[in-house]
Every structure is written in structure tokens, then in C-alpha cells.
Amino acid sequence: MFSYLNEFFWKSYETSHKTHLHDSHLINATSLKRIRFIQLIIHSIIPLYYLFTWRVSSYKYLTIIGMNFTFIFFILINLTSYFHINNRTYRRLFKRMIIIVFEVTFSLQLTITWFFWFFLYPIYETKYLFPDWTQFFIVGLYMHSGCW
């Protein structure tokens with residue numbers, strides 16, 4: 001049963017992508033590493049703030065969960081970019097884990113972005129939701145605009 005599921009979920013991807021995760025045809029490998037590292041820094045600010053200030057009650061919001069998944073994805077993708085795993089089984093397991101985290105992150109960020117800007121933003125008073133420019137930048141654009 002496990003071999004059937006393994007074949008069903010992973011065979012087409014692993015036979016067509018031999019070299020690395022998420023091939024980019026317009027960006028070379030060095031630039032892609034730098035972009036992913038910059039994205040890790042950008043997407044680590046608020047999740048680390050919530051982690052170190054113990055704001056556990058904020059994890060009831062989908063936005064915070066989505067930001068943490070984005071942060072985890074960029075940690076994992078940077079680990080694969082900068083550290084090579086020699087064991088083939090662990091490398092395959094790690095790639096599969098990154099693909100699953102990416103798919104969950106993408107769907108979460110898409111849901112968060114659309115739901116906030118099209119359903120919540122129009123019904124809230126702008127002065128209440130974003131009292132100043134900093135709040136609009138952090139809460140509005142950083143937290144509710146998906147992955148930059």
C-alpha cells in the first residue's frame with residue numbers, strides 16, 4: 001500500500017525534476033540563493049517577534065499561521081540551497097517535505113490575501129484597522145499580501 005501511494009504521489013515529480021527544487025529558467029542558481037536568503041530575512045521579522053514575545057493567543061488567526069508556514073518554507077529551502085545532504089533517502093524525504101510545506105503555504109497565502117482584501121478590508125473602517133502608515137504597512141501589506 002505504501003509503495004502504491006509513494007508511486008501515485010511522487011513518481012511524476014521525481015522523474016521530471018532530477019537536479020533541484022523549483023527550477024528557475026530566468027534566474028541563475030547564485031541569484032536564486034540570494035533571493036531566497038533575502039526572502040528568509042524579510043519573512044522572519046514578524047514570526048520571530050511572535051515567537052519570542054509568546055503571543056500564543058495570536059495563533060488563532062490564519063494570517064499568523066500563514067506567516068509561520070512561509071517562514072518555515074524559506075528556512076527549509078535555504079537549508080537545501082546551502083547544505084547538501086549526501087544520503088539519498090533523507091534528501092528525497094526532505095524534498096518531499098519542502099514540496100508539501102510549499103503547497104500548504106501557497107494555498108494559505110492565497111486564501112489570506114483574497115479573504116482579507118476582498119472580504120474584510122471593505123467592511124472595516126480604515127482608521128480603526130490602520131491608524132497610521134506603519135500599521136498599514138505591517139498589518140496590511142506585510143501580513144496580508146502573500147509572499148513577496
# chains A, B, ... in the order shown; residues from 1 in each chain; ligands from 1
>>> residues_around(residues="stretch 133-141 of chain A", least_positions_apart="6", cutoff="10 Å", atoms="only C-alpha atoms", output="mmCIF file with C-alpha atoms, in the first residue's frame")
data_model
loop_
_atom_site.group_PDB
_atom_site.id
_atom_site.type_symbol
_atom_site.label_atom_id
_atom_site.label_comp_id
_atom_site.auth_asym_id
_atom_site.auth_seq_id
_atom_site.Cartn_x
_atom_site.Cartn_y
_atom_site.Cartn_z
ATOM 1 C CA ILE A 46 7.137 39.120 12.480
ATOM 2 C CA THR A 63 -2.618 35.193 8.974
ATOM 3 C CA THR A 113 -4.685 37.634 0.618
ATOM 4 C CA PHE A 116 -8.578 39.927 3.729
ATOM 5 C CA TRP A 117 -8.542 42.409 0.815
ATOM 6 C CA TYR A 121 -10.933 45.240 4.304
ATOM 7 C CA THR A 126 -9.776 52.236 7.641
ATOM 8 C CA LYS A 127 -8.904 54.451 10.639
ATOM 9 C CA TRP A 148 6.640 38.927 -1.842
#
>>> closest_residue(among="A:Ile112, A:Ile45, A:Ile85, A:Ile27", to="A:Tyr61", atoms="only C-alpha atoms")
A:Ile112
>>> atom_distance(atom1="atom CA of A:Lys33", atom2="atom CA of A:Tyr82")
8.0 Å
>>> closest_residue(among="A:Thr80, A:Ile100, A:Phe119, A:Met143", to="A:His43", atoms="only C-alpha atoms")
A:Met143
>>> residues_around(residues="A:Gly146", least_positions_apart="4", cutoff="10 Å", atoms="only C-alpha atoms", output="number ranges by chain")
A: 63, 66-67, 70, 105-114, 141-142
>>> write_last_selection(atoms="C-alpha atoms", output="mmCIF file, in the first residue's frame")
data_model
loop_
_atom_site.group_PDB
_atom_site.id
_atom_site.type_symbol
_atom_site.label_atom_id
_atom_site.label_comp_id
_atom_site.auth_asym_id
_atom_site.auth_seq_id
_atom_site.Cartn_x
_atom_site.Cartn_y
_atom_site.Cartn_z
ATOM 1 C CA THR A 63 -2.618 35.193 8.974
ATOM 2 C CA GLY A 66 0.338 31.512 7.089
ATOM 3 C CA MET A 67 3.287 33.729 8.014
ATOM 4 C CA THR A 70 6.100 30.947 4.845
ATOM 5 C CA THR A 105 1.940 27.788 2.272
ATOM 6 C CA PHE A 106 0.847 28.803 -1.211
ATOM 7 C CA SER A 107 -2.786 27.891 -0.585
ATOM 8 C CA LEU A 108 -2.769 29.613 2.820
ATOM 9 C CA GLN A 109 -1.223 32.804 1.472
ATOM 10 C CA LEU A 110 -3.627 32.889 -1.468
ATOM 11 C CA THR A 111 -6.589 32.427 0.868
ATOM 12 C CA ILE A 112 -5.329 35.051 3.322
ATOM 13 C CA THR A 113 -4.685 37.634 0.618
ATOM 14 C CA TRP A 114 -8.017 37.235 -1.152
ATOM 15 C CA LEU A 141 0.874 44.816 3.197
ATOM 16 C CA TYR A 142 3.330 42.622 5.114
#
>>> closest_residue(among="A:Trp54, A:Leu76, A:Arg88, A:Tyr59", to="A:Leu40", atoms="only C-alpha atoms")
A:Leu76
>>> atom_distance(atom1="atom CA of A:Arg91", atom2="atom CA of A:Leu79")
11.3 Å
>>> closest_residue(among="A:Ile64, A:Ile123, A:Leu51, A:Ile77", to="A:Ile98", atoms="only C-alpha atoms")
A:Ile77
>>> select_by_dssp(residues="stretch 53-142 of chain A", states="alpha helix (DSSP H)", output="PyMOL selection string")
chain A and resi 62-82+88-115+126-129+133-135
>>> closest_residue(among="A:Tyr49, A:Asn78, A:Ile72, A:Asn87", to="A:Leu32", atoms="only C-alpha atoms")
A:Asn78
>>> atom_distance(atom1="atom CA of A:Lys95", atom2="atom CA of A:Lys60")
28.8 Å
